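Q: mmCIF, C-alpha atoms, saved as coords35.cif, coming up:
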```
data_upload
#
loop_
_atom_site.label_atom_id
_atom_site.label_comp_id
_atom_site.auth_asym_id
_atom_site.auth_seq_id
_atom_site.Cartn_x
_atom_site.Cartn_y
_atom_site.Cartn_z
CA MET A 990 36.66 18.66 1.87
CA ASN A 991 36.72 22.36 1.10
CA GLU A 992 34.42 24.35 3.36
CA LEU A 993 32.78 25.65 0.19
CA TYR A 994 31.46 22.15 -0.50
CA GLN A 995 30.16 21.27 2.91
CA PRO A 996 27.11 18.92 2.78
CA ALA A 997 23.71 20.60 2.82
CA PHE A 998 20.92 20.13 5.36
CA VAL A 999 17.96 18.74 3.37
CA ARG A 1000 14.39 17.99 4.38
CA VAL A 1001 11.05 17.54 2.65
CA SER A 1002 7.86 19.13 4.00
CA GLY A 1003 4.27 18.75 2.88
CA PRO A 1004 1.64 21.44 2.25
CA PRO A 1005 0.51 23.38 5.38
CA ASN A 1006 -1.99 21.46 7.54
CA SER A 1007 -2.28 18.59 5.07
CA ASN A 1008 -0.63 15.37 4.01
CA PHE A 1009 2.02 14.85 1.32
CA LEU A 1010 -0.42 12.62 -0.53
CA VAL A 1011 -3.20 14.35 -2.46
CA GLY A 1012 -5.87 12.24 -4.14
CA TYR A 1013 -6.46 8.51 -3.79
CA PRO A 1014 -3.96 6.01 -5.30
CA GLY A 1015 -5.79 3.45 -7.41
CA ILE A 1016 -8.57 5.88 -8.40
CA SER A 1017 -7.53 7.66 -11.59
CA ALA A 1018 -10.22 10.38 -11.39
CA THR A 1019 -8.51 11.85 -8.30
CA LEU A 1020 -5.10 12.30 -10.02
CA PRO A 1021 -3.12 10.85 -7.05
CA ARG A 1022 0.01 12.87 -6.43
CA ILE A 1023 2.59 13.84 -3.81
CA GLN A 1024 2.99 17.56 -3.14
CA GLY A 1025 5.46 19.41 -0.98
CA LYS A 1026 8.74 21.27 -1.10
CA VAL A 1027 12.41 20.43 -0.72
CA GLU A 1028 14.12 22.71 1.82
CA ILE A 1029 17.91 23.13 1.66
CA ARG A 1030 19.91 25.04 4.30
CA PRO A 1031 23.54 25.15 5.49
CA SER A 1032 24.32 22.15 7.71
CA LYS A 1033 27.40 23.52 9.49
CA GLY A 1034 27.80 26.99 10.88
CA VAL A 1035 24.93 29.40 11.02
CA SER A 1036 25.61 31.23 7.81
CA ALA A 1037 28.17 29.37 5.69
CA PRO A 1038 26.69 29.07 2.17
CA VAL A 1039 26.33 25.70 0.48
CA CYS A 1040 27.23 25.06 -3.15
CA ILE A 1041 24.43 23.47 -5.18
CA SER A 1042 24.80 22.22 -8.75
CA LEU A 1043 21.46 20.46 -9.20
CA VAL A 1044 18.56 19.00 -7.19
CA ARG A 1045 16.35 16.12 -8.29
CA ILE A 1046 13.48 14.29 -6.58
CA SER A 1047 11.80 10.94 -7.22
CA LEU A 1048 9.51 8.41 -5.55
CA GLN A 1049 11.03 4.95 -5.14
CA ARG A 1050 9.37 1.67 -4.22
CA ARG A 1051 11.45 -0.86 -2.33
CA GLU A 1052 10.29 -4.45 -1.92
CA THR A 1053 11.82 -7.30 0.01
CA ILE A 1054 10.81 -10.92 0.62
CA HIS A 1055 12.22 -13.53 2.96
CA PRO A 1056 9.72 -16.44 3.16
CA ALA A 1057 11.94 -18.31 5.67
CA ALA A 1058 12.04 -15.39 8.15
CA GLU A 1059 9.23 -16.83 10.32
CA ASN A 1060 11.36 -19.85 11.29
CA VAL A 1061 14.56 -19.16 13.26
CA ALA A 1062 16.42 -22.16 11.78
CA LYS A 1063 15.31 -21.49 8.20
CA ARG A 1064 16.15 -17.83 8.56
CA HIS A 1065 19.84 -18.75 8.73
CA LEU A 1066 19.83 -21.84 6.49
CA GLY A 1067 17.23 -20.86 3.88
CA THR A 1068 17.48 -18.52 0.92
CA PRO A 1069 18.62 -14.96 1.73
CA ARG A 1070 16.35 -11.93 1.62
CA ARG A 1071 15.52 -10.71 -1.89
CA GLU A 1072 15.18 -7.01 -2.59
CA THR A 1073 14.14 -4.89 -5.55
CA THR A 1074 13.98 -1.11 -6.05
CA ASP A 1075 11.83 0.57 -8.69
CA LEU A 1076 11.24 4.17 -9.73
CA VAL A 1077 7.56 5.16 -9.42
CA GLY A 1078 6.58 7.56 -12.19
CA LYS A 1079 9.30 10.01 -13.23
CA GLU A 1080 12.25 11.71 -11.58
CA ILE A 1081 11.92 15.52 -11.62
CA LEU A 1082 14.71 18.09 -11.93
CA LEU A 1083 13.99 20.87 -9.42
CA PHE A 1084 17.09 23.05 -9.79
CA ARG A 1085 20.15 23.45 -12.01
CA CYS A 1086 22.92 25.97 -11.35
CA THR A 1087 23.68 28.90 -13.63
CA SER A 1088 24.99 27.83 -17.02
CA GLY A 1089 28.79 27.84 -17.23
CA ARG A 1090 29.27 27.55 -13.44
CA ASP A 1091 30.24 24.50 -11.40
CA ALA A 1092 27.76 25.36 -8.62
CA ASP A 1093 25.79 28.25 -7.13
CA GLN A 1094 26.43 29.44 -3.58
CA VAL A 1095 23.12 29.29 -1.76
CA MET A 1096 22.05 30.41 1.69
CA ALA A 1097 18.50 28.99 1.58
CA MET A 1098 16.44 27.14 -0.98
CA ASP A 1099 12.75 26.08 -1.06
CA LEU A 1100 11.79 24.09 -4.14
CA PRO A 1101 8.09 23.14 -4.52
CA PHE A 1102 7.34 19.89 -6.36
CA VAL A 1103 4.49 17.61 -7.42
CA LEU A 1104 5.03 13.94 -8.28
CA PHE A 1105 2.15 12.20 -10.04
CA ILE A 1106 1.56 8.59 -8.97
CA PRO A 1107 0.77 6.28 -11.92
CA PHE A 1108 -2.90 5.29 -12.11
CA GLY A 1109 -2.99 3.17 -15.30
CA ARG A 1110 -2.64 -0.60 -15.56
CA GLY A 1111 0.08 -0.10 -18.14
CA GLY A 1112 0.50 -3.76 -19.14
CA GLU A 1113 4.19 -4.61 -19.19
CA GLU A 1114 5.27 -1.02 -18.56
CA THR A 1115 6.17 -1.16 -14.87
CA ASN A 1116 6.40 2.62 -14.48
CA ARG A 1117 2.75 3.02 -15.54
CA ARG A 1118 1.24 0.41 -13.20
CA ILE A 1119 -0.65 1.48 -10.09
CA PRO A 1120 1.88 1.03 -7.27
CA PRO A 1121 0.88 -1.49 -4.56
CA ALA A 1122 0.09 -0.29 -1.03
CA SER A 1123 2.72 -0.06 1.69
CA LEU A 1124 2.70 -3.25 3.75
CA GLN A 1125 4.94 -5.11 6.18
CA LEU A 1126 4.04 -8.70 7.04
CA PRO A 1127 4.96 -10.21 10.44
CA SER A 1128 8.66 -11.16 10.75
CA ARG A 1129 9.22 -9.06 7.60
CA THR A 1130 8.53 -12.09 5.38
CA ALA A 1131 7.43 -9.53 2.77
CA GLU A 1132 7.30 -5.76 2.69
CA THR A 1133 6.69 -2.86 0.33
CA TYR A 1134 7.65 0.66 1.29
CA TYR A 1135 8.13 3.99 -0.44
CA GLU A 1136 10.72 6.73 -0.11
CA LEU A 1137 10.95 10.25 -1.48
CA VAL A 1138 14.58 10.39 -2.66
CA VAL A 1139 16.20 13.82 -3.04
CA THR A 1140 19.49 13.85 -4.97
CA VAL A 1141 21.67 16.92 -4.33
CA GLN A 1142 24.77 17.41 -6.45
CA GLN A 1143 27.41 19.80 -5.12
CA GLY A 1144 30.12 20.41 -7.67
CA ALA A 1145 31.40 17.81 -10.12
CA SER A 1146 32.39 15.12 -7.62
CA SER A 1147 30.04 15.40 -4.64
CA GLN A 1148 26.56 13.87 -4.84
CA ASN A 1149 24.36 12.98 -1.84
CA ARG A 1150 21.00 11.19 -1.66
CA TYR A 1151 18.48 11.84 1.10
CA ALA A 1152 15.59 9.37 1.59
CA PHE A 1153 12.31 10.19 3.39
CA PRO A 1154 9.84 7.33 4.04
CA ILE A 1155 6.26 7.97 2.95
CA PRO A 1156 3.28 5.61 3.53
CA LEU A 1157 1.03 4.82 0.57
CA MET A 1158 -2.44 3.23 0.63
CA ARG A 1159 -4.64 1.93 -2.19
CA TYR A 1160 -8.33 2.76 -2.45
CA ASP A 1161 -9.58 0.65 -5.36
CA THR A 1162 -10.71 -2.24 -3.11
CA LEU A 1163 -13.22 -0.29 -0.98
CA SER A 1164 -16.17 -2.54 -0.16
CA THR A 1165 -18.62 0.29 -0.99
CA PHE A 1166 -17.79 0.23 -4.72
CA GLY A 1167 -20.65 -1.19 -6.79
CA MET A 1168 -18.53 -3.77 -8.61
CA TYR A 1169 -17.97 -5.63 -5.30
CA ASN A 1170 -21.68 -5.68 -4.40
CA ARG A 1171 -22.85 -7.91 -7.25
CA PRO A 1172 -23.68 -11.47 -6.09
CA GLU A 1173 -21.22 -14.24 -7.03
CA THR A 1174 -22.38 -17.84 -7.53
CA LYS A 1175 -20.42 -21.06 -7.95
CA VAL A 1176 -21.30 -24.77 -8.16
CA VAL A 1177 -19.00 -27.81 -7.77
CA THR A 1178 -19.42 -31.56 -7.38
CA ALA A 1179 -17.08 -34.30 -6.14
CA ASP A 1180 -18.49 -37.54 -7.59
CA ASN A 1181 -21.68 -36.47 -9.40
CA ILE A 1182 -23.93 -37.69 -6.56
CA VAL A 1183 -24.24 -34.35 -4.73
CA THR A 1184 -23.54 -30.79 -5.91
CA LEU A 1185 -22.48 -27.89 -3.67
CA GLY A 1186 -23.56 -24.42 -4.73
CA ILE A 1187 -22.94 -21.07 -3.02
CA THR A 1188 -24.09 -17.49 -3.45
CA LEU A 1189 -22.01 -14.62 -2.07
CA PRO A 1190 -23.99 -11.33 -1.87
CA LYS A 1191 -20.80 -9.20 -1.96
CA TRP A 1192 -17.11 -10.00 -2.24
CA SER A 1193 -15.06 -7.18 -0.66
CA TYR A 1194 -14.64 -7.07 3.13
CA GLY A 1195 -12.64 -5.25 5.79
CA PRO A 1196 -11.85 -5.72 9.50
CA LEU A 1197 -14.88 -6.83 11.59
CA ASP A 1198 -17.10 -6.92 8.47
CA PRO A 1199 -19.60 -9.84 8.58
CA ILE A 1200 -19.28 -12.42 5.79
CA THR A 1201 -22.44 -14.39 4.90
CA VAL A 1202 -22.58 -17.27 2.41
CA TYR A 1203 -25.79 -18.91 1.13
CA ILE A 1204 -25.19 -22.65 0.64
CA LYS A 1205 -27.21 -25.31 -1.16
CA LEU A 1206 -26.45 -29.03 -1.27
CA ALA A 1207 -28.52 -30.71 -4.00
CA PRO A 1208 -28.81 -34.39 -5.05
CA ASN A 1209 -28.15 -35.33 -8.66
CA PRO A 1210 -31.62 -36.32 -10.05
CA ASP A 1211 -29.95 -38.99 -12.24
CA TRP A 1212 -28.48 -40.67 -9.13
CA LEU A 1213 -31.34 -39.97 -6.72
CA SER A 1214 -31.31 -43.43 -5.06
CA LYS A 1215 -27.61 -43.04 -4.18
CA ALA A 1216 -28.02 -39.42 -3.15
CA LYS A 1217 -30.81 -40.27 -0.66
CA ARG A 1218 -28.37 -42.50 1.25
CA VAL A 1219 -25.96 -39.57 1.76
CA THR A 1220 -25.78 -38.00 5.23
CA ILE A 1221 -24.68 -34.36 5.55
CA GLN A 1222 -22.49 -34.47 8.66
CA LYS A 1223 -21.28 -30.86 8.86
CA ILE A 1224 -20.35 -27.83 6.76
CA THR A 1225 -17.18 -25.84 7.43
CA LEU A 1226 -16.59 -22.24 6.35
CA SER A 1227 -13.07 -20.79 6.61
CA ILE A 1228 -11.13 -17.77 5.35
CA GLU A 1229 -7.75 -18.55 3.80
CA GLU A 1230 -4.89 -16.15 3.14
CA GLU A 1231 -2.71 -17.32 0.24
CA ILE A 1232 0.69 -15.64 -0.14
CA THR A 1233 2.66 -16.32 -3.32
CA TYR A 1234 6.32 -15.37 -3.05
CA ASN A 1235 8.11 -14.53 -6.29
CA PRO A 1236 4.91 -14.92 -8.42
CA GLU A 1237 6.56 -13.82 -11.69
CA GLY A 1238 9.84 -15.70 -11.07
CA ASP A 1239 11.11 -19.19 -11.88
CA GLU A 1240 10.16 -20.92 -8.63
CA PRO A 1241 7.11 -19.31 -7.02
CA THR A 1242 6.28 -20.62 -3.54
CA LYS A 1243 2.84 -20.50 -1.90
CA LYS A 1244 1.87 -20.38 1.75
CA VAL A 1245 -1.75 -20.73 2.91
CA ASN A 1246 -2.85 -19.47 6.35
CA LYS A 1247 -6.29 -20.08 7.86
CA ILE A 1248 -7.52 -16.73 9.19
CA ALA A 1249 -10.90 -17.78 10.67
CA LYS A 1250 -13.11 -20.87 10.75
CA HIS A 1251 -16.73 -21.75 11.56
CA THR A 1252 -18.26 -25.26 11.58
CA GLN A 1253 -21.98 -25.99 11.53
CA PRO A 1254 -22.93 -29.56 12.58
CA ILE A 1255 -25.93 -30.93 10.65
CA GLY A 1256 -26.28 -34.76 10.78
CA THR A 1257 -29.20 -34.91 8.32
CA LYS A 1258 -29.99 -37.26 5.43
CA MET A 1259 -29.95 -35.57 2.04
CA PRO A 1260 -33.54 -34.34 1.32
CA GLU A 1261 -34.87 -34.90 -2.18
CA ALA A 1262 -35.32 -31.15 -2.61
CA GLY A 1263 -31.77 -30.49 -1.36
CA TYR A 1264 -30.45 -28.83 1.79
CA VAL A 1265 -30.24 -25.04 2.08
CA THR A 1266 -28.49 -23.03 4.82
CA ASN A 1267 -26.41 -19.95 5.33
CA LEU A 1268 -23.12 -19.63 7.19
CA GLY A 1269 -21.40 -16.54 8.44
CA LEU A 1270 -18.34 -15.32 10.27
CA VAL A 1271 -16.62 -12.02 10.97
CA PHE A 1272 -13.33 -11.09 9.37
CA PRO A 1273 -10.83 -10.71 12.24
CA SER A 1274 -9.48 -7.31 13.20
CA ARG A 1275 -6.14 -6.40 14.73
CA ASP A 1276 -6.43 -4.14 17.78
CA LEU A 1277 -4.12 -1.14 17.41
CA ARG A 1278 -4.36 -0.30 21.13
CA ASP A 1279 -2.26 -1.78 23.92
CA PRO A 1280 -3.82 -3.08 27.20
CA ASP A 1281 -3.86 0.51 28.51
CA GLY A 1282 -5.92 1.67 25.52
CA ILE A 1283 -3.08 3.62 23.93
CA VAL A 1284 -2.37 3.47 20.20
CA LYS A 1285 1.36 2.96 19.74
CA ARG A 1286 3.27 5.21 17.38
CA GLY A 1287 3.45 3.57 13.96
CA LYS A 1288 6.45 3.20 11.69
CA PRO A 1289 6.95 6.16 9.34
CA ALA A 1290 6.94 4.00 6.19
CA PHE A 1291 3.80 1.97 7.00
CA PRO A 1292 0.20 3.08 7.62
CA MET A 1293 -1.62 1.76 10.70
CA TYR A 1294 -3.78 -1.12 9.45
CA GLU A 1295 -6.40 -2.99 11.46
CA VAL A 1296 -5.70 -6.12 9.41
CA ALA A 1297 -2.50 -8.18 9.31
CA SER A 1298 -2.63 -8.21 5.49
CA PHE A 1299 -4.98 -7.50 2.58
CA THR A 1300 -5.42 -8.22 -1.12
CA THR A 1301 -2.41 -6.87 -2.99
CA THR A 1302 -0.10 -7.70 -5.89
CA SER A 1303 3.56 -6.63 -5.98
CA THR A 1304 6.60 -7.62 -8.00
CA LEU A 1305 8.00 -10.04 -5.42
CA TYR A 1306 4.81 -11.26 -3.72
CA LYS A 1307 1.05 -11.54 -4.10
CA ILE A 1308 -1.60 -11.88 -1.38
CA GLU A 1309 -5.01 -13.36 -2.18
CA PHE A 1310 -7.94 -14.39 0.02
CA PHE A 1311 -10.43 -17.23 -0.43
CA LEU A 1312 -13.57 -18.46 1.26
CA SER A 1313 -13.29 -22.23 1.60
CA ILE A 1314 -16.60 -24.12 2.03
CA LYS A 1315 -16.36 -27.84 2.76
CA ALA A 1316 -19.33 -30.22 3.01
CA HIS A 1317 -18.47 -33.33 5.06
CA LEU A 1318 -20.60 -36.22 3.77
CA SER A 1319 -21.00 -39.94 4.43
CA SER A 1320 -21.76 -42.37 1.55
CA ALA A 1321 -20.29 -39.76 -0.81
CA ARG A 1322 -17.02 -37.89 -1.18
CA ASP A 1323 -16.56 -34.62 0.71
CA ILE A 1324 -16.98 -31.53 -1.47
CA THR A 1325 -14.74 -28.45 -1.17
CA LEU A 1326 -15.35 -25.14 -2.91
CA ARG A 1327 -12.98 -22.13 -2.91
CA GLN A 1328 -14.27 -18.68 -3.78
CA SER A 1329 -11.95 -15.70 -4.22
CA ILE A 1330 -12.75 -12.59 -2.15
CA VAL A 1331 -11.14 -9.16 -1.76
CA ILE A 1332 -9.90 -7.95 1.63
CA CYS A 1333 -9.68 -4.17 2.11
CA PRO A 1334 -7.74 -2.51 4.98
CA LEU A 1335 -10.82 -0.39 5.84
CA ASP A 1336 -14.09 -1.61 7.35
CA GLN A 1337 -17.51 -0.95 5.87
CA GLN A 1338 -18.10 2.31 7.76
CA ALA A 1339 -14.64 3.69 6.95
CA CYS A 1340 -15.21 2.86 3.27
CA LYS A 1341 -18.52 4.78 3.34
CA ASP A 1342 -16.81 7.75 4.98
CA GLU A 1343 -14.19 7.85 2.21
CA MET A 1344 -16.70 7.94 -0.64
CA ASP A 1345 -17.62 11.63 -0.25
CA ALA A 1346 -13.96 12.60 0.11
CA ILE A 1347 -13.09 10.65 -3.05
CA GLU A 1348 -15.83 12.46 -4.95
CA GLU A 1349 -14.54 15.81 -3.70
CA ALA A 1350 -10.94 14.89 -4.63
CA ALA A 1351 -12.10 13.94 -8.14
CA THR A 1352 -13.77 17.36 -8.53
CA GLU A 1353 -10.59 19.13 -7.40
CA ALA A 1354 -8.46 16.97 -9.71
CA GLY A 1355 -10.52 18.23 -12.67
CA LEU A 1356 -8.90 21.66 -12.15
CA VAL A 1357 -5.33 20.26 -12.22
CA ASP A 1358 -3.27 20.18 -15.42
CA ALA A 1359 -1.25 16.95 -15.16
CA ASN A 1360 1.14 18.08 -17.91
CA SER A 1361 1.89 21.46 -16.35
CA PRO A 1362 0.67 21.66 -12.73
CA SER A 1363 0.70 25.06 -11.06
CA LEU A 1364 3.12 25.27 -8.13
CA PRO A 1365 4.03 27.97 -5.59
CA PRO A 1366 7.07 30.03 -6.66
CA ARG A 1367 10.56 28.80 -5.79
CA ASN A 1368 12.44 30.64 -3.07
CA ILE A 1369 16.22 30.73 -3.57
CA VAL A 1370 18.47 33.03 -1.54
CA TYR A 1371 21.96 33.32 -3.06
CA ALA A 1372 25.04 34.12 -0.95
CA GLY A 1373 25.73 37.47 -2.63
CA GLN A 1374 22.14 38.64 -2.36
CA LYS A 1375 21.28 41.68 -0.24
CA ASP A 1376 19.90 40.72 3.19
CA ALA A 1377 20.73 37.04 2.51
CA LEU A 1378 21.55 36.48 6.18
CA ARG A 1379 18.12 37.74 7.22
CA HIS A 1380 16.54 34.60 5.66
CA LEU A 1381 18.56 32.48 8.11
CA GLY A 1382 17.57 34.61 11.10
CA VAL A 1383 21.05 36.17 11.31
CA CYS A 1384 22.39 39.72 10.99
CA GLU A 1385 25.87 41.24 10.97
CA VAL A 1386 26.68 43.82 13.64
CA GLY A 1387 30.16 45.38 13.58
CA GLY A 1388 31.50 42.50 11.51
CA VAL A 1389 30.09 39.89 13.94
CA LYS A 1390 27.17 37.63 12.97
CA LYS A 1391 24.42 37.53 15.58
CA LEU A 1392 20.90 36.14 15.85
CA LEU A 1393 18.36 38.49 14.29
CA ILE A 1394 15.67 39.80 16.62
CA GLU A 1395 12.91 41.46 14.58
#
```
Will you turn the file into structure tokens for me?
A:
Amino acid sequence: MNELYQPAFVRVSGPPNSNFLVGYPGISATLPRIQGKVEIRPSKGVSAPVCISLVRISLQRRETIHPAAENVAKRHLGTPRRETTDLVGKEILLFRCTSGRDADQVMAMDLPFVLFIPFGRGGEETNRRIPPASLQLPSRTAETYYELVVTVQQGASSQNRYAFPIPLMRYDTLSTFGMYNRPETKVVTADNIVTLGITLPKWSYGPLDPITVYIKLAPNPDWLSKAKRVTIQKITLSIEEEITYNPEGDEPTKKVNKIAKHTQPIGTKMPEAGYVTNLGLVFPSRDLRDPDGIVKRGKPAFPMYEVASFTTTSTLYKIEFFLSIKAHLSSARDITLRQSIVICPLDQQACKDEMDAIEEAATEAGLVDANSPSLPPRNIVYAGQKDALRHLGVCEVGGVKKLLIE
């Protein structure tokens, strides 16, 4: 390769003293977006210019599933890992060389950018859907991760792609939102002798959040003589995680894991007025600290979650949670009721703490023009420019290039 077309050194940096991600994905009022700048410098030699034809940037979502990965035998004999890559939003052109030229010789280049993250449901239009949160399940049975991809073209034949992992969370399942704090009720029966009814005061929870269910077992007044002979042996409350692999494909597969369980023994005959109780348990939390109390460094593509998984829907997998209430009866069939709940990666206190910040982000987003956002000016130092070497911390003394000491 000609020295003129040596590969560039490329990196992406965020705004000073802040994160790449501005706003809250999943909450449209905050205009969620990724801000930063692409920095391009010579990769070889201190001062050899690089030739740049064009620079583009995009956010890509990569998803993989391998349901058999948990089992060593199935991992080798089962279906291989499936993978899909999607563009999130739009790809942006940051730089194009001077018209009529193959490439521009550049000593240094800083290109600010802003990528807006979709916040509309969008129906069938994939590029308008709210992107799911970054997540990696144990044994990598399923994962979703995001990369900022910078494409740098150097001349007609040389094109390089540079990927930078970026973690993404969703904030539309916070347990402090009013829509999750409306009571949910449900009633089922197994053989018309006894009915099982529940009331759930709220239906979004996070790690170590208490879950309380109000339960009523009632006899059917039309079958009262049979119902009086029924004995309520025990009531079991459990949390179930249901993972659907390939939900939109031809052969979706489901796996149900019991996350927590609580059993209340009763041993009482069915009263004529019915039996009322409440059951509760705590949603389990994953400790991020090791036995020495140190939080291990996380993976760059995945946020540090205190839960193993949470409610999410992606292209290749879907994770749902259910409360399963089972009444064990004698002289009547057992009754099982499943109620859908939402699991959020943040606990109740963390959700409360985010509310003020979300409100502030929404106020700031009101000043942003999504069609033409204001950005800092670009900084491009061309090879023929006066004092071009100074931008690389180099100066020329007697025909010899030396480090510049201001």
Q: Run the PyMOL selection byres ((chain A and resi 1276) around 12) mentally over the shown coordinates, then write out the matched residues as a list in words, using the chain letters and numbers from the document.
A: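 Against this file, the PyMOL selection byres ((chain A and resi 1276) around 12) returns the residues Pro1196, Leu1197, Pro1273, Ser1274, Arg1275, Leu1277, Arg1278, Asp1279, Pro1280, Asp1281, Gly1282, Ile1283, Val1284, Lys1285, Met1293, Tyr1294, Glu1295, Val1296 and Ala1297 of chain A.
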Q: One number please: atom CA of Glu1028 of chain A to atom CA of Phe998 of chain A, in Å, one decimal.
A: 8.1 Å
Q: Just so the selection is clear, what residues does the PyMOL selection byres ((chain A and resi 1159) around 10) cover here, as a list in words?
A: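 Selected by the PyMOL selection byres ((chain A and resi 1159) around 10) here: Tyr1013, Pro1014, Gly1015, Ile1016, Ile1119, Pro1120, Pro1121, Ala1122, Ser1123, Leu1157, Met1158, Tyr1160, Asp1161, Thr1162, Leu1163, Thr1301, Cys1333 and Pro1334 of chain A.
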Q: For the atom pair atom CA of Ile1224 of chain A and atom CA of Val1245 of chain A, what is the interatomic distance in Å to one decimal place?
A: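 Separating atom CA of Ile1224 of chain A from atom CA of Val1245 of chain A is a distance of 20.3 Å.
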Q: Please provide as a ChimeraX atom specification all residues within 7 Å of segment 1263-1272 of chain A, with the sequence filter that same-chain residues fewer than 2 positions apart are discarded (counting all atoms listed in the file).
A: /A:1195-1208,1251,1259-1261,1274
Q: To verify the selection step, state as an mmCIF file with C-alpha atoms, in the frame of the given file which residues the PyMOL selection byres ((chain A and resi 1099-1102) around 6) yields on this input.
A:
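See selection29.cif below for the written result:
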```
data_model
loop_
_atom_site.group_PDB
_atom_site.id
_atom_site.type_symbol
_atom_site.label_atom_id
_atom_site.label_comp_id
_atom_site.auth_asym_id
_atom_site.auth_seq_id
_atom_site.Cartn_x
_atom_site.Cartn_y
_atom_site.Cartn_z
ATOM 1 C CA GLN A 1024 2.990 17.560 -3.140
ATOM 2 C CA GLY A 1025 5.460 19.410 -0.980
ATOM 3 C CA LYS A 1026 8.740 21.270 -1.100
ATOM 4 C CA VAL A 1027 12.410 20.430 -0.720
ATOM 5 C CA GLU A 1028 14.120 22.710 1.820
ATOM 6 C CA MET A 1098 16.440 27.140 -0.980
ATOM 7 C CA VAL A 1103 4.490 17.610 -7.420
ATOM 8 C CA ARG A 1367 10.560 28.800 -5.790
ATOM 9 C CA ASN A 1368 12.440 30.640 -3.070
#
```
Q: Separation of atom CA of Gly1089 of chain A and atom CA of Ser1042 of chain A, in Å?
A: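 Computed distance, atom CA of Gly1089 of chain A to atom CA of Ser1042 of chain A, equals 10.9 Å.
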Q: Of the candidates A:Glu1230, A:Ser1319, A:Pro1362, A:Thr1053, which one gets nearest to Lys1215 of chain A if we count all atoms listed in the file?
A: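 Looking only at the distances to Lys1215 of chain A, the closest residue turns out to be A:Ser1319.
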Q: List as a list in words the protein and nucleic acid residues near Ile1332 of chain A, meaning an atom at most 7 Å away when all atoms listed in the file are counted, but skip any in the same chain fewer than 2 places from it.
A: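 Those residues are Ser1193, Tyr1194, Gly1195, Phe1299, Thr1300, Phe1310, Ile1330 and Pro1334 of chain A.
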Q: Tell me, as a PyMOL selection string, which residues lie within 10 Å of Gln1148 of chain A, counting all atoms listed in the file; anything in the same chain fewer than 3 positions away does not count.
A: chain A and resi 996+1041-1044+1140-1145
Q: Counting only C-alpha atoms, which of A:Ser1298, A:Ser1017, A:Asn1170, A:Ser1320 gets nearest to Pro1107 of chain A?
A: A:Ser1017
Q: Using only C-alpha atoms, which of the listed residues (A:Leu1189, A:Ile1314, A:Val1138, A:Leu1076) sits closest to Val1177 of chain A?
A: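 Among A:Leu1189, A:Ile1314, A:Val1138, A:Leu1076, it is A:Ile1314 that comes nearest to Val1177 of chain A.
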Q: With only C-alpha atoms as the atoms that count, which of A:Glu1229, A:Lys1244, A:Val1039, A:Asp1091 lies nearest to Ser1146 of chain A?
A: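 That would be A:Asp1091, the residue with the smallest distance to Ser1146 of chain A.
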